[in-house]
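A short write-up of the structure that comes next.
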Amino acid sequence: MTYINDHYLKLTAGYLFPEIGRRVTAFCDKNPSANVIRLGIGDVTEPLAPVVIQAMHTAVDELATRSSFRGYGPEQGYDFLREAIAKHDYQARGAKVDADEIFVSDGSKCDSGNILDIFGENNVIAVLDPVYPVYVDTNVMAGHTGPADASGRYSGLVYLPVTAENDFVPELPRQRVDLIYLCYPNNPTGVVATKEMLKRWVEYAKQNGSVIFYDAAYEAYITDPAIPHSIYEIDGARDVAIEFRSFSKTAGFTGVRCAFTVIPKGLKGKTRDGKEVEIHPLWNRRHCTKFNGVSYPVQRGAAAIYSPEGKRQVRETIDFYLTNAKIIHGALTKLGLKVYGGVNAPYVWLKTPGNLSSWDFFDKLLQEAHLVGTPGSGFGACGEGYFRLSAFNSRANVEEAVQRFAKII
């Protein structure tokens, strides 16, 4: 009999978003005439920027003739894209990141899970609570945890609560940890990290020999000039941090698929016998062995957003979603709900009314208002009693959604 990876059996339930899909599908099957508005999964709705479409069309045309045809590209990404990323996303903000420290991929979700391939199983891992479920689930799958308790927390992980009681600012771990997952602007709470907060984390990591996994997938939604877009804007962060970025929410690439991970040269880890080794070549080897690169037309489309016109067009779409978030935040606040986020982020985080559980509120919204959101408990024990709404939708749907909220709250 063939053996399976037993660690998968420790996963407490179906992945959050498929479970939402299952419940919504069941409701729609029973209520085929219901006009369900989905503010749950953070999938974009607006078309790609015209400059992206044109760049991808041109790239596809290049593949139609022998003289300009391209087959396999460099696994790490084409130079034209890596150089644009380094220049515009980092060097323009005073952050030292070189093009050859950037690895282009098909998604930050993939990278944040795959990064565990190059780290040992004996690391102590810290996550915020609530947290993006992928961080936890991929560690469970990799065998880095014990079983889950009644609240869904896994032994072997260090959970750092972020709730209204601590203004959604996590305390530094009271014990030494090796790997730290941080996501800002935060998914699911929509809060941001100040420079002072990130400085504390960088200092902690340097003192403890830790590595920070910094997920900056929503950095394009930051409008406050005082808020850093990258952890590399903090002195010393190159020595302790790996950063994940995505074009999914920045440029609407959720279905196109393109992202990148930055691993600075000089960032080090230790072998079991205490020898220091650089992490960059390890990830390069993993990347080249298990990945064949993002398609040429997609990378041309991604590079187009760094042109002056591309920046303008992408900014218009981001501002559109931020206005949606402002509408949701303002309407729910007027209804007397406790609402967070939605300012420098596309997510609104709210306290469920009437002490309803997260899933009970989900069912109430779906049954009574034909609205879909995301139960906070799906993001962790400290997410119980909270609920996430996404600003990714049409303006008409957002305005209709807040009207439906008013009828049931």
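Each chain of the structure tokens is named A, B, ... in the order shown, its residues numbered from 1; ligands are numbered from 1 in display order.
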
Apply DSSP to the structure's backbone, then extract all residues of segment 1-165 of chain A labelled strand (DSSP E or B) and return them as a VMD selection string. chain A and resid 37 to 38 102 to 105 125 to 129 148 154 157 to 161

Write a file of the selected residues as a tab-separated table (two decimals), in the first residue's frame, keeping C-alpha atoms.
chain	number	residue	atom	x	y	z
A	37	ILE	CA	-23.58	39.98	-4.48
A	38	ARG	CA	-20.17	38.58	-3.56
A	102	ILE	CA	13.90	39.38	-7.75
A	103	PHE	CA	12.27	36.08	-8.73
A	104	VAL	CA	9.18	36.35	-10.96
A	105	SER	CA	6.52	33.70	-10.35
A	125	ILE	CA	7.12	29.74	13.40
A	126	ALA	CA	5.07	32.79	14.39
A	127	VAL	CA	1.87	33.93	12.68
A	128	LEU	CA	-0.61	36.67	13.46
A	129	ASP	CA	-4.12	35.70	14.50
A	148	ALA	CA	-5.21	21.50	16.05
A	154	TYR	CA	-2.15	24.11	15.78
A	157	LEU	CA	2.92	27.51	15.95
A	158	VAL	CA	3.27	30.73	17.93
A	159	TYR	CA	0.08	32.79	17.52
A	160	LEU	CA	0.20	36.57	17.97
A	161	PRO	CA	-3.32	38.01	18.53

Taking 6 positions as the minimum chain separation for residues in the same chain, which residues sit within 12 Å of Lys364 of chain A when counting only C-alpha atoms? Answer as number ranges by chain. A: 27, 352-354, 356-358, 370-373, 375, 404-405, 407-409

Select, from A:Thr254, A:Ser377, A:Ser246, A:Ser230, the residue with the minimum atom-to-atom distance to Ala92 of chain A, counting only C-alpha atoms. A:Ser230

For Cys382 of chain A, which residue out of A:Asp89, A:Glu165, A:Glu171, A:Glu83 is the nearest one, using only C-alpha atoms? A:Glu165

Residue neighbourhood Leu116 of chain A, 9 Å, only C-alpha atoms, exclusion window fewer than 6 positions, as JSON, numbers by chain: {"A": [138, 139, 142]}

File of the preceding selection, C-alpha atoms, as a PDB file, in the first residue's frame:
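Output file part11.pdb follows:
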ATOM      1  CA  THR A 138       1.123  25.156   4.210  1.00  0.00           C
ATOM      2  CA  ASN A 139       3.055  24.702   7.447  1.00  0.00           C
ATOM      3  CA  ALA A 142       4.847  20.480   5.490  1.00  0.00           C
TER       4      ALA A 142
END

Write down as JSON, numbers by chain the residues of segment 234-309 of chain A whose backbone DSSP state falls under helix (DSSP H, G or I). {"A": [237, 238, 239, 248, 249, 250, 251, 280, 281, 282, 283, 284, 285, 286, 287, 288, 289, 290, 296, 297, 298, 299, 300, 301, 302, 303, 304, 308, 309]}

Which of A:Glu316, A:Asp61, A:Glu46, A:Glu219 sits closest to Val191 of chain A [using only C-alpha atoms]: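 Nearest to Val191 of chain A: A:Glu219.
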
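Residues in contact range of Thr250 of chain A, defined as at most 8 Å between only C-alpha atoms, with sequence neighbours fewer than 6 positions away removed, read Ala217, Tyr218, Ala220, Tyr221, Val314 and Ile318 of chain A.
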
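Of the residues listed (A:Gln54, A:Thr333, A:Asn397, A:Gln175), A:Gln54 shows the shortest atom-to-atom separation from Ala302 of chain A; distances use only C-alpha atoms.
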
So which residues touch Ile212 of chain A within 6 Å, counting only C-alpha atoms, skipping near sequence neighbours fewer than 4 positions away, as an MDAnalysis selection string? chainID A and resid 179:180 241

Find the residues around Leu9 of chain A up to 12 Å (only C-alpha atoms counted), leave out those fewer than 4 positions away in its own chain, and share them as a VMD selection string. chain A and resid 4 to 5 13 to 14 137 140 to 143 145 to 148

Could the residues in this selection be saved with N, CA and C atoms as a PDB file, in the first residue's frame?
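Below is the file that was written, again25.pdb:
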ATOM      1  N   ILE A   4       0.697   7.986   2.212  1.00  0.00           N
ATOM      2  CA  ILE A   4       0.362   9.383   1.931  1.00  0.00           C
ATOM      3  C   ILE A   4       1.097  10.286   2.910  1.00  0.00           C
ATOM      4  N   ASN A   5       1.001  11.574   2.676  1.00  0.00           N
ATOM      5  CA  ASN A   5       1.522  12.566   3.620  1.00  0.00           C
ATOM      6  C   ASN A   5       0.476  12.755   4.715  1.00  0.00           C
ATOM      7  N   ALA A  13     -10.373  21.573   8.539  1.00  0.00           N
ATOM      8  CA  ALA A  13     -11.585  21.682   7.716  1.00  0.00           C
ATOM      9  C   ALA A  13     -11.167  22.013   6.305  1.00  0.00           C
ATOM     10  N   GLY A  14     -12.148  22.092   5.416  1.00  0.00           N
ATOM     11  CA  GLY A  14     -11.855  22.506   4.055  1.00  0.00           C
ATOM     12  C   GLY A  14     -11.300  23.919   4.052  1.00  0.00           C
ATOM     13  N   ASP A 137      -1.853  26.745   6.804  1.00  0.00           N
ATOM     14  CA  ASP A 137      -2.123  25.454   6.179  1.00  0.00           C
ATOM     15  C   ASP A 137      -0.896  24.861   5.502  1.00  0.00           C
ATOM     16  N   VAL A 140       1.200  23.267   8.095  1.00  0.00           N
ATOM     17  CA  VAL A 140       0.610  21.994   8.503  1.00  0.00           C
ATOM     18  C   VAL A 140       0.967  20.917   7.481  1.00  0.00           C
ATOM     19  N   MET A 141       0.781  21.222   6.204  1.00  0.00           N
ATOM     20  CA  MET A 141       1.072  20.265   5.142  1.00  0.00           C
ATOM     21  C   MET A 141       2.535  19.832   5.135  1.00  0.00           C
ATOM     22  N   ALA A 142       3.410  20.771   5.501  1.00  0.00           N
ATOM     23  CA  ALA A 142       4.847  20.480   5.490  1.00  0.00           C
ATOM     24  C   ALA A 142       5.306  19.752   6.744  1.00  0.00           C
ATOM     25  N   GLY A 143       4.395  19.531   7.691  1.00  0.00           N
ATOM     26  CA  GLY A 143       4.752  18.793   8.890  1.00  0.00           C
ATOM     27  C   GLY A 143       5.395  19.625   9.976  1.00  0.00           C
ATOM     28  N   THR A 145       3.781  21.395  12.256  1.00  0.00           N
ATOM     29  CA  THR A 145       2.885  21.603  13.390  1.00  0.00           C
ATOM     30  C   THR A 145       2.426  20.264  13.955  1.00  0.00           C
ATOM     31  N   GLY A 146       1.815  20.371  15.134  1.00  0.00           N
ATOM     32  CA  GLY A 146       1.100  19.234  15.682  1.00  0.00           C
ATOM     33  C   GLY A 146      -0.360  19.346  15.292  1.00  0.00           C
ATOM     34  N   PRO A 147      -1.239  18.627  15.975  1.00  0.00           N
ATOM     35  CA  PRO A 147      -2.670  18.699  15.670  1.00  0.00           C
ATOM     36  C   PRO A 147      -3.280  20.013  16.145  1.00  0.00           C
ATOM     37  N   ALA A 148      -4.492  20.290  15.667  1.00  0.00           N
ATOM     38  CA  ALA A 148      -5.208  21.502  16.052  1.00  0.00           C
ATOM     39  C   ALA A 148      -5.999  21.267  17.329  1.00  0.00           C
TER      40      ALA A 148
END

Shell of 7 Å around segment 258-275 of chain A, only C-alpha atoms, local chain residues under 6 positions omitted, as a list in words: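 Surrounding residues, per the criterion: Glu101, Ile102, Phe103, Val104, Ser105, Asp106, Gly107, Ser108, Arg238, Asp239, Val240, Ile242, Glu243, Phe244, Arg245, Ser246, Phe247 and Val294 of chain A.
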
Length of the atom CA of Leu48 of chain A to atom CA of Gly293 of chain A vector [Å]: 21.5 Å

Do you have, as a Markdown table, the list of residues of segment 180-237 of chain A lying at most 10 Å from segment 387-395 of chain A, each with its nearest atom pair and that distance in Å to one decimal, counting only C-alpha atoms and ordered by chain then number?
| residue | atom | partner | partner_atom | distance |
| --- | --- | --- | --- | --- |
| A:Asn187 | CA | A:Arg388 | CA | 9.1 |
| A:Pro188 | CA | A:Arg388 | CA | 6.4 |
| A:Thr189 | CA | A:Arg388 | CA | 7.3 |
| A:Gly190 | CA | A:Arg388 | CA | 9.0 |

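The space between atom CA of Phe291 of chain A and atom CA of Ala237 of chain A spans 27.1 Å.
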
Which residue out of A:Gln299, A:Thr289, A:Thr45, A:Thr374 has the minimum interatomic distance to Phe80 of chain A when only C-alpha atoms are used?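 For Phe80 of chain A, the nearest of the candidates is A:Gln299.
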